[in-house]
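Dropping structure.txt in here (compact mmCIF, C-alpha atoms and all ligand atoms):
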```txt
# COMPACT_ATOMS: atom_id res chain seq x y z
CA MET A 1 -78.95 11.92 -70.40
CA GLN A 2 -82.30 10.28 -70.21
CA ASN A 3 -82.85 6.66 -69.41
CA HIS A 4 -83.49 4.87 -72.65
CA LYS A 5 -84.78 1.70 -71.08
CA ASP A 6 -88.40 2.57 -71.67
CA ILE A 7 -88.05 3.63 -75.29
CA ASP A 8 -89.30 0.75 -77.32
CA ASN A 9 -87.39 1.29 -80.50
CA LYS A 10 -85.68 -1.72 -81.98
CA LEU A 11 -83.88 -2.47 -85.20
CA THR A 12 -83.03 -5.80 -86.70
CA LEU A 13 -79.48 -6.44 -87.85
CA LYS A 14 -80.81 -6.49 -91.41
CA GLU A 15 -82.17 -2.96 -90.99
CA ILE A 16 -78.93 -1.84 -89.38
CA ALA A 17 -76.93 -3.20 -92.31
CA LYS A 18 -79.14 -1.23 -94.70
CA ILE A 19 -78.87 2.03 -92.75
CA LEU A 20 -75.08 1.71 -92.66
CA GLU A 21 -74.80 0.38 -96.23
CA ALA A 22 -72.76 -2.29 -94.55
CA GLU A 23 -71.29 -5.50 -95.83
CA VAL A 24 -72.09 -8.62 -93.83
CA ILE A 25 -68.80 -10.39 -93.08
CA ALA A 26 -70.16 -13.07 -90.78
CA ASP A 27 -73.83 -13.93 -90.67
CA SER A 28 -74.63 -15.91 -87.56
CA GLY A 29 -78.21 -16.38 -88.57
CA ASN A 30 -79.46 -13.78 -86.12
CA SER A 31 -80.21 -11.02 -88.62
CA ASP A 32 -83.86 -10.90 -87.55
CA ILE A 33 -83.16 -10.47 -83.84
CA ASN A 34 -84.23 -7.12 -82.44
CA ILE A 35 -81.37 -4.96 -81.27
CA LYS A 36 -82.43 -2.48 -78.64
CA ASN A 37 -79.35 -0.35 -78.19
CA ALA A 38 -75.79 0.24 -79.29
CA CYS A 39 -72.43 1.16 -77.84
CA SER A 40 -69.58 2.82 -79.76
CA ALA A 41 -66.16 2.15 -78.29
CA ASP A 42 -62.54 1.37 -78.99
CA MET A 43 -61.79 0.63 -75.35
CA MET A 44 -62.73 -2.91 -74.42
CA SER A 45 -63.08 -2.24 -70.68
CA ALA A 46 -65.58 0.50 -71.51
CA VAL A 47 -67.57 -2.05 -73.48
CA LEU A 48 -67.43 -4.44 -70.53
CA TYR A 49 -68.42 -1.68 -68.11
CA TYR A 50 -71.31 -0.07 -69.96
CA HIS A 51 -72.69 -2.82 -72.18
CA THR A 52 -76.08 -4.35 -71.85
CA PRO A 53 -76.57 -7.86 -73.26
CA ASN A 54 -77.61 -7.96 -76.91
CA SER A 55 -76.29 -4.48 -77.57
CA LEU A 56 -74.74 -3.70 -80.91
CA LEU A 57 -71.03 -2.86 -80.67
CA ILE A 58 -69.68 -0.23 -83.07
CA THR A 59 -65.89 -0.25 -83.11
CA GLY A 60 -62.78 0.44 -85.15
CA LEU A 61 -60.82 -2.48 -83.74
CA THR A 62 -60.77 -5.85 -85.44
CA GLN A 63 -58.51 -8.08 -83.32
CA PRO A 64 -59.72 -11.43 -81.97
CA HIS A 65 -60.00 -10.10 -78.42
CA VAL A 66 -62.76 -7.78 -79.64
CA ILE A 67 -64.76 -10.93 -80.39
CA ARG A 68 -63.81 -12.31 -76.97
CA THR A 69 -64.96 -9.10 -75.33
CA ALA A 70 -68.27 -9.32 -77.17
CA GLU A 71 -68.68 -12.93 -76.13
CA ILE A 72 -68.00 -12.11 -72.49
CA ALA A 73 -70.33 -9.10 -72.58
CA GLY A 74 -73.13 -11.03 -74.28
CA ILE A 75 -72.94 -8.90 -77.44
CA LYS A 76 -74.25 -10.70 -80.52
CA SER A 77 -73.37 -8.27 -83.29
CA ILE A 78 -70.47 -5.98 -84.16
CA VAL A 79 -70.10 -3.24 -86.77
CA PHE A 80 -66.58 -2.33 -87.88
CA VAL A 81 -66.26 1.25 -89.10
CA LEU A 82 -64.06 2.82 -91.80
CA ASP A 83 -64.25 -0.30 -93.94
CA LYS A 84 -62.14 -2.26 -91.47
CA LYS A 85 -62.27 -6.00 -91.78
CA PRO A 86 -60.88 -8.63 -89.42
CA ASP A 87 -58.63 -11.41 -90.64
CA ALA A 88 -59.95 -14.87 -91.46
CA ARG A 89 -59.10 -16.29 -88.04
CA THR A 90 -61.07 -13.59 -86.28
CA ILE A 91 -64.07 -14.09 -88.56
CA GLU A 92 -63.91 -17.81 -87.82
CA LEU A 93 -63.83 -17.10 -84.06
CA ALA A 94 -66.93 -14.90 -84.43
CA ARG A 95 -68.73 -17.69 -86.29
CA THR A 96 -67.98 -20.21 -83.55
CA LYS A 97 -69.29 -17.75 -80.97
CA ASN A 98 -72.42 -16.98 -83.02
CA ILE A 99 -71.55 -13.32 -83.36
CA SER A 100 -72.50 -11.45 -86.52
CA LEU A 101 -70.03 -9.07 -88.11
CA LEU A 102 -70.74 -6.09 -90.36
CA SER A 103 -68.36 -3.63 -92.00
CA THR A 104 -69.35 -0.10 -92.99
CA SER A 105 -67.36 2.63 -94.74
CA TYR A 106 -68.83 5.29 -92.43
CA CYS A 107 -66.72 6.54 -89.55
CA MET A 108 -67.72 5.81 -85.96
CA TYR A 109 -69.39 9.20 -85.50
CA THR A 110 -71.48 8.98 -88.65
CA ALA A 111 -72.37 5.32 -88.21
CA SER A 112 -73.53 6.02 -84.65
CA GLY A 113 -75.42 9.11 -85.78
CA ARG A 114 -77.25 7.31 -88.56
CA LEU A 115 -78.39 4.56 -86.19
CA TYR A 116 -79.37 7.03 -83.49
CA LYS A 117 -81.43 8.98 -86.03
CA ALA A 118 -83.11 5.73 -87.02
CA GLY A 119 -84.22 5.29 -83.42
CA LEU A 120 -81.51 3.09 -81.93
CA PRO A 121 -80.55 4.53 -78.51
CA GLY A 122 -77.23 4.24 -76.69
CA CYS A 123 -76.66 1.65 -74.00
CA LEU A 124 -75.46 4.15 -71.39
CA TYR A 125 -77.82 4.85 -68.57
CA LYS A 126 -76.15 8.07 -67.49
CA MET B 1 -80.31 -20.52 -55.70
CA ALA B 2 -77.64 -22.89 -54.38
CA LEU B 3 -76.28 -25.39 -56.87
CA ASP B 4 -76.85 -29.07 -56.47
CA ILE B 5 -73.18 -30.05 -56.23
CA ASN B 6 -71.29 -31.72 -53.42
CA GLU B 7 -67.74 -31.19 -54.50
CA THR B 8 -65.96 -28.05 -55.54
CA ILE B 9 -65.47 -27.83 -59.30
CA GLU B 10 -62.05 -26.46 -60.15
CA GLY B 11 -60.36 -25.08 -63.21
CA SER B 12 -56.83 -23.89 -63.68
CA PHE B 13 -55.14 -22.00 -66.50
CA GLN B 14 -51.63 -20.85 -67.17
CA LEU B 15 -51.41 -17.29 -68.47
CA VAL B 16 -48.44 -16.04 -70.46
CA GLY B 17 -47.58 -12.36 -70.69
CA GLY B 18 -48.06 -10.98 -74.19
CA ASN B 19 -50.10 -13.94 -75.36
CA PHE B 20 -53.10 -12.05 -76.70
CA ALA B 21 -54.15 -14.88 -78.98
CA ASN B 22 -55.40 -16.96 -76.05
CA ALA B 23 -56.76 -14.03 -74.07
CA GLY B 24 -60.24 -14.78 -72.82
CA GLU B 25 -59.91 -18.55 -72.95
CA ALA B 26 -60.09 -18.97 -69.17
CA SER B 27 -63.10 -16.67 -68.86
CA SER B 28 -64.83 -18.39 -71.74
CA GLN B 29 -64.36 -21.80 -70.13
CA LEU B 30 -65.55 -20.57 -66.74
CA LYS B 31 -68.60 -19.13 -68.49
CA HIS B 32 -69.41 -22.51 -70.01
CA ALA B 33 -68.79 -24.39 -66.77
CA LEU B 34 -71.24 -22.11 -64.94
CA ALA B 35 -73.81 -22.32 -67.73
CA GLU B 36 -73.69 -26.10 -67.61
CA LEU B 37 -74.48 -25.97 -63.91
CA GLY B 38 -77.51 -23.80 -64.62
CA VAL B 39 -76.20 -20.64 -62.94
CA ASP B 40 -78.20 -17.46 -63.60
CA GLU B 41 -77.14 -15.61 -66.76
CA GLY B 42 -76.51 -12.31 -65.01
CA ILE B 43 -74.23 -14.00 -62.47
CA ILE B 44 -72.36 -15.77 -65.25
CA ARG B 45 -71.81 -12.50 -67.05
CA ARG B 46 -70.45 -10.85 -63.91
CA ALA B 47 -68.04 -13.72 -63.30
CA ALA B 48 -66.93 -13.76 -66.92
CA ILE B 49 -66.32 -10.01 -67.06
CA ALA B 50 -64.36 -9.97 -63.80
CA THR B 51 -62.28 -12.97 -64.89
CA PHE B 52 -61.60 -11.58 -68.35
CA GLU B 53 -60.36 -8.24 -66.98
CA ALA B 54 -58.05 -10.05 -64.56
CA GLU B 55 -56.79 -12.32 -67.32
CA MET B 56 -56.07 -9.32 -69.57
CA ASN B 57 -54.08 -7.54 -66.86
CA VAL B 58 -51.79 -10.54 -66.47
CA ILE B 59 -51.33 -10.82 -70.23
CA ILE B 60 -50.63 -7.09 -70.55
CA TYR B 61 -48.53 -6.33 -67.47
CA ALA B 62 -47.01 -9.54 -66.13
CA ALA B 63 -44.59 -12.17 -67.37
CA ALA B 64 -46.77 -15.11 -66.43
CA GLY B 65 -49.49 -16.17 -64.08
CA TRP B 66 -52.09 -18.65 -62.98
CA LEU B 67 -55.84 -18.35 -62.96
CA ARG B 68 -57.81 -20.76 -60.85
CA TYR B 69 -61.51 -20.96 -60.21
CA TYR B 70 -63.46 -22.89 -57.60
CA ILE B 71 -67.18 -23.39 -58.04
CA SER B 72 -69.06 -24.54 -54.95
CA SER B 73 -72.79 -24.79 -54.32
CA ASP B 74 -73.20 -21.18 -53.24
CA ARG B 75 -70.45 -19.21 -54.99
CA VAL B 76 -67.59 -19.06 -57.42
CA ARG B 77 -64.15 -17.96 -56.28
CA ILE B 78 -61.54 -16.81 -58.79
CA ARG B 79 -57.88 -16.38 -57.92
CA ILE B 80 -55.36 -14.84 -60.28
CA GLU B 81 -51.73 -14.84 -59.31
CA ASP B 82 -48.97 -13.38 -61.43
CA MET B 83 -45.25 -12.97 -61.56
CA GLY B 84 -44.78 -9.43 -62.74
CA PRO B 85 -43.81 -5.90 -61.81
CA GLY B 86 -46.45 -5.58 -59.09
CA ILE B 87 -48.45 -2.45 -58.34
CA GLU B 88 -46.85 0.34 -56.36
CA ASP B 89 -49.98 2.25 -55.37
CA ILE B 90 -53.02 -0.01 -55.30
CA GLU B 91 -55.41 2.75 -54.29
CA LEU B 92 -54.37 4.76 -57.33
CA ALA B 93 -54.58 1.72 -59.61
CA MET B 94 -58.13 1.08 -58.41
CA GLN B 95 -59.28 4.52 -59.56
CA GLU B 96 -61.40 4.67 -62.69
CA GLY B 97 -59.33 6.01 -65.56
CA TYR B 98 -55.90 5.39 -64.04
CA SER B 99 -53.71 3.44 -66.42
CA THR B 100 -50.04 3.01 -67.21
CA ALA B 101 -50.75 1.11 -70.42
CA PRO B 102 -48.36 2.07 -73.21
CA ASP B 103 -49.60 3.21 -76.63
CA TRP B 104 -49.37 -0.20 -78.27
CA VAL B 105 -51.72 -1.59 -75.63
CA ARG B 106 -54.15 1.31 -76.12
CA GLU B 107 -54.14 0.69 -79.84
CA MET B 108 -55.39 -2.80 -79.08
CA GLY B 109 -58.29 -1.41 -77.07
CA TRP B 110 -56.96 -1.79 -73.54
CA GLY B 111 -55.77 0.86 -71.11
CA ALA B 112 -58.95 2.75 -70.24
CA GLY B 113 -58.15 2.24 -66.56
CA MET B 114 -61.45 0.48 -66.04
CA GLY B 115 -60.31 -3.10 -65.53
CA LEU B 116 -59.80 -3.15 -61.77
CA PRO B 117 -62.95 -1.04 -61.10
CA ASN B 118 -64.81 -3.42 -63.40
CA MET B 119 -63.59 -6.47 -61.41
CA LYS B 120 -64.63 -4.85 -58.16
CA LYS B 121 -68.02 -3.80 -59.50
CA ASN B 122 -68.81 -7.33 -60.65
CA SER B 123 -67.59 -9.17 -57.52
CA ASP B 124 -69.26 -9.57 -54.16
CA GLU B 125 -65.84 -9.80 -52.56
CA PHE B 126 -62.70 -8.37 -54.09
CA LYS B 127 -59.16 -8.57 -52.72
CA ILE B 128 -55.93 -7.45 -54.30
CA ASP B 129 -52.39 -7.88 -52.98
CA SER B 130 -49.23 -6.83 -54.69
CA VAL B 131 -45.53 -6.81 -54.04
CA VAL B 132 -43.45 -4.56 -56.28
CA GLY B 133 -40.94 -6.61 -58.23
CA GLU B 134 -42.68 -9.89 -57.43
CA GLY B 135 -46.26 -9.93 -58.55
CA THR B 136 -49.94 -9.37 -57.95
CA THR B 137 -52.72 -11.57 -56.60
CA VAL B 138 -56.40 -10.87 -57.14
CA GLU B 139 -59.14 -12.84 -55.43
CA MET B 140 -62.78 -12.43 -56.31
CA THR B 141 -65.91 -14.11 -55.03
CA ILE B 142 -69.30 -14.01 -56.67
CA ASN B 143 -72.16 -15.44 -54.66
CA PHE B 144 -75.08 -17.31 -56.12
CA PRO B 145 -78.21 -15.65 -54.74
N1 LIG C 201 -51.41 -7.66 -62.75
C1 LIG C 201 -50.87 -6.43 -62.77
N2 LIG C 201 -49.52 -6.29 -62.69
C2 LIG C 201 -48.95 -5.05 -62.71
N3 LIG C 201 -49.65 -3.90 -62.80
C3 LIG C 201 -50.99 -4.00 -62.90
C4 LIG C 201 -51.66 -5.25 -62.90
N4 LIG C 201 -52.99 -5.01 -62.99
C5 LIG C 201 -53.13 -3.69 -63.05
N5 LIG C 201 -51.93 -3.05 -63.00
C6 LIG C 201 -51.70 -1.59 -62.99
O1 LIG C 201 -52.90 -0.93 -62.61
C7 LIG C 201 -53.34 -0.05 -63.65
C8 LIG C 201 -54.85 -0.04 -63.70
O2 LIG C 201 -55.33 -1.34 -64.09
P1 LIG C 201 -56.77 -1.47 -64.77
O3 LIG C 201 -56.99 -2.88 -65.15
O4 LIG C 201 -57.77 -0.83 -63.88
O5 LIG C 201 -56.66 -0.55 -66.05
P2 LIG C 201 -55.82 -0.80 -67.39
O6 LIG C 201 -55.41 -2.23 -67.48
O7 LIG C 201 -54.76 0.21 -67.46
O8 LIG C 201 -56.91 -0.47 -68.51
P3 LIG C 201 -58.21 -1.38 -68.88
O9 LIG C 201 -58.29 -2.48 -67.86
O10 LIG C 201 -59.35 -0.44 -68.81
O11 LIG C 201 -57.95 -1.90 -70.25
C9 LIG C 201 -52.66 -0.56 -64.90
O12 LIG C 201 -52.51 0.42 -65.89
C10 LIG C 201 -51.32 -1.03 -64.35
O13 LIG C 201 -50.46 0.05 -64.15
MG MG C 202 -56.86 -3.76 -67.15
```
Output the structure of this file as C-alpha cells.
Ligand SMILES: Nc1ncnc2c1ncn2[C@@H]1O[C@H](COP(=O)(O)OP(=O)(O)OP(=O)(O)O)[C@@H](O)[C@H]1O
Ligand SMILES: [Mg+2]
Amino acid sequence: MQNHKDIDNKLTLKEIAKILEAEVIADSGNSDINIKNACSADMMSAVLYYHTPNSLLITGLTQPHVIRTAEIAGIKSIVFVLDKKPDARTIELARTKNISLLSTSYCMYTASGRLYKAGLPGCLYK
Amino acid sequence: MALDINETIEGSFQLVGGNFANAGEASSQLKHALAELGVDEGIIRRAAIATFEAEMNVIIYAAAGWLRYYISSDRVRIRIEDMGPGIEDIELAMQEGYSTAPDWVREMGWGAGMGLPNMKKNSDEFKIDSVVGEGTTVEMTINFP
C-alpha cells in the first residue's frame, strides 16, 4: 500500500459526522480540528500499534477501556458503528479526556469506505 | 534533553486481575507526570503505550500485581510484577499474533497477540522474566534523548 503521509486530504469531525449521518454523543469542542487519517479496529493492541496521533478511530466496541486506549494513543475522536452507544459512565470518561464520540448506523466496512471515498486515508504505512 | 530533576520521581500502583474498570489508570497517571516535567510528546506516548499494554496483561492474565515507575533526569523505568500463571514459552509469547486470550477477552478488544511486541517496540530496553505458577516481571526503560 502506498504511503499516505504526503496526501494532504483532511476532514473535520463535522464533515465526518455528515458523511456517516452520525449522531454526536460527546462533543469535546474539537469538531473543527482537521483529521488526517483513520483506523478501523476492534483490537485495542492493533490501535496502539498502528495509530498515529489525532487519527480517527472507527470501532464496534464501546467499553471504557476503548476510551483509555484512545487517550493513550493520542486519538481525539471515535466513531462507533452499527448504532452502538457507550453507557453514561463511558461517555463521561470521554468528556473528561476531551475525546469526541460519534455513533453511526453504518457497519465498519461501509463507514470506512464512505470516509475513504471522501478522501480520508488509513493510518497504516504498510 | 535531560530533565532538570535531582531526585527520582516514583509512582506505584496495585493492579487487580479482572479489574477492567481501572485499567489504564497507571498509564494515564504516568502520562501526566511526564507531561508535567515537559517530556517530549512522542516519548510520553511510547511510555504510555508500553505501560498500558503491561497493565492490561496483568489485569487479563494474573491475579494481582504491582506497577512501579521511576522517572530520573535521563529516562523512565517501568517495572510490572505480577502473581499469576506465568508464561511457559516466552519466545512464543513475544511473537506477533500469539495469544491465549479466551473469547470473552477478545470480545472486549484484547487478545490480538500484539501487547508484548508493542511493549518491546516502544521501549529502549525491554526485559521479561517469568516463572510458571508464580508470576511474570516486565521491566522497560525509555530514554529521554
Ligand atoms: N502477565 C502475564 N501473565 C501470564 N501470561 C501472560 C502475561 N502476559 C502475557 N502473557 C501470555 O502471553 C501471550 C501474549 O501476550 P500479548 O500481550 O503479546 O498478547 P495478548 O495479551 O494475547 O493480546 P493483546 O496484548 O494484543 O491484547 C498472552 O496471550 C498470554 O498467554
Ligand atoms: Mg496483551
What residues of the protein or nucleic acid chains come within 8 Å of ligand MG 202 (chain C) when you use all atoms listed in the file? Reply as number ranges by chain. A: 45; B: 53-54, 56-57, 60, 99, 110-116
Atoms to include: C-alpha atoms. Write the selected residues as an mmCIF file, keeping the file's coordinate frame.
```
data_model
loop_
_atom_site.group_PDB
_atom_site.id
_atom_site.type_symbol
_atom_site.label_atom_id
_atom_site.label_comp_id
_atom_site.auth_asym_id
_atom_site.auth_seq_id
_atom_site.Cartn_x
_atom_site.Cartn_y
_atom_site.Cartn_z
ATOM 1 C CA SER A 45 -63.080 -2.240 -70.680
ATOM 2 C CA GLU B 53 -60.360 -8.240 -66.980
ATOM 3 C CA ALA B 54 -58.050 -10.050 -64.560
ATOM 4 C CA MET B 56 -56.070 -9.320 -69.570
ATOM 5 C CA ASN B 57 -54.080 -7.540 -66.860
ATOM 6 C CA ILE B 60 -50.630 -7.090 -70.550
ATOM 7 C CA SER B 99 -53.710 3.440 -66.420
ATOM 8 C CA TRP B 110 -56.960 -1.790 -73.540
ATOM 9 C CA GLY B 111 -55.770 0.860 -71.110
ATOM 10 C CA ALA B 112 -58.950 2.750 -70.240
ATOM 11 C CA GLY B 113 -58.150 2.240 -66.560
ATOM 12 C CA MET B 114 -61.450 0.480 -66.040
ATOM 13 C CA GLY B 115 -60.310 -3.100 -65.530
ATOM 14 C CA LEU B 116 -59.800 -3.150 -61.770
#
```
Tell me which protein, DNA and RNA residues are within 7 Å of Ala50 in chain B, counting all atoms listed in the file, leaving out same-chain ones fewer than 2 positions away, and put them as a ChimeraX atom specification. /B:46-48,52-54,118-119,122
Within 9 Å of Ser112 in chain A using all atoms listed in the file, minus same-chain residues under 6 positions, as a ChimeraX atom specification: /A:38-40,58,120,122
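The list of residues with at least one atom within 9 Å of range 1-6 of chain B, based on all atoms listed in the file and without residues fewer than 2 positions apart in the same chain, reads Thr8, Ile9, Leu37, Gly38, Val39, Asp40, Ser72, Ser73, Asp74, Arg75, Phe144 and Pro145 of chain B.
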Nearest-residue call for chain A, choices B:Met108, B:Ala64, B:Ile90, B:Ala26, using all atoms listed in the file: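 Among the listed residues, the smallest separation from chain A belongs to B:Met108.
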Taken to one decimal, the CA of Leu56 in chain A-CA of Ala88 in chain A distance is 21.3 Å
Hey, can you check how far CA of Tyr61 in chain B sits from CA of Ile44 in chain B?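 Between these atoms lies a distance of 25.7 Å.
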Hey, which bits of chain A sit within 8 Å of ligand LIG 201 (chain C), and for each residue what's the closest pair of atoms and how far apart in Å (one decimal), counting all atoms listed in the file, rows by chain and increasing number, as CSV?
```
residue,atom,partner,partner_atom,distance
A:Met43,CA,C:LIG201,O11,6.9
A:Met44,CA,C:LIG201,O11,6.4
A:Ser45,CA,C:LIG201,O10,4.5
A:Ala46,CA,C:LIG201,O10,6.9
```
Keeping C-alpha atoms for every residue in the selection just given, could you write it to a file as a PDB file, keeping the file's coordinate frame?
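Listed below is the output, again_9.pdb:
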```pdb
ATOM      1  CA  MET A  43     -61.790   0.630 -75.350  1.00  0.00           C
ATOM      2  CA  MET A  44     -62.730  -2.910 -74.420  1.00  0.00           C
ATOM      3  CA  SER A  45     -63.080  -2.240 -70.680  1.00  0.00           C
ATOM      4  CA  ALA A  46     -65.580   0.500 -71.510  1.00  0.00           C
TER       5      ALA A  46
END
```
Neighbours of range 20-22 of chain A within 8 Å (only C-alpha atoms; same-chain residues fewer than 6 positions away dropped), as an MDAnalysis selection string? chainID A and resid 102:106 111 114:115
Kindly save the residues from that selection, with C-alpha atoms included, as an mmCIF file, in the frame of the given file.
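Output contents, as saved in part_22.cif:
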```
data_model
loop_
_atom_site.group_PDB
_atom_site.id
_atom_site.type_symbol
_atom_site.label_atom_id
_atom_site.label_comp_id
_atom_site.auth_asym_id
_atom_site.auth_seq_id
_atom_site.Cartn_x
_atom_site.Cartn_y
_atom_site.Cartn_z
ATOM 1 C CA LEU A 102 -70.740 -6.090 -90.360
ATOM 2 C CA SER A 103 -68.360 -3.630 -92.000
ATOM 3 C CA THR A 104 -69.350 -0.100 -92.990
ATOM 4 C CA SER A 105 -67.360 2.630 -94.740
ATOM 5 C CA TYR A 106 -68.830 5.290 -92.430
ATOM 6 C CA ALA A 111 -72.370 5.320 -88.210
ATOM 7 C CA ARG A 114 -77.250 7.310 -88.560
ATOM 8 C CA LEU A 115 -78.390 4.560 -86.190
#
```
Specify as a list in words all residues of chain A found within 9 Å of chain B, counting only C-alpha atoms.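 My answer is Ala41, Asp42, Met43, Met44, Ser45, Ala46, Leu48, Tyr49, Leu61, Thr62, Gln63, Pro64, His65, Val66, Arg68, Thr69, Glu71, Ile72, Ala73 and Gly74 of chain A.
Comparing B:Leu15, B:Ile142, B:Ile78, B:Ile43 by their smallest distance to Ala62 in chain B, the closest is B:Leu15 (using only C-alpha atoms).
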Counting all atoms listed in the file, which residues sit no farther than 9 Å from the position (-57.9, -15.5, -55.9) in the file's frame? I'd like them as a list in words.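 Result, sorted by chain then residue number: Leu67, Arg68, Tyr69, Arg77, Ile78, Arg79, Ile80, Glu81, Phe126, Lys127, Ile128, Thr137, Val138, Glu139, Met140 and Thr141 of chain B.
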Quick one, how far is CA of Glu125 in chain B from CA of Pro85 in chain B? 24.2 Å
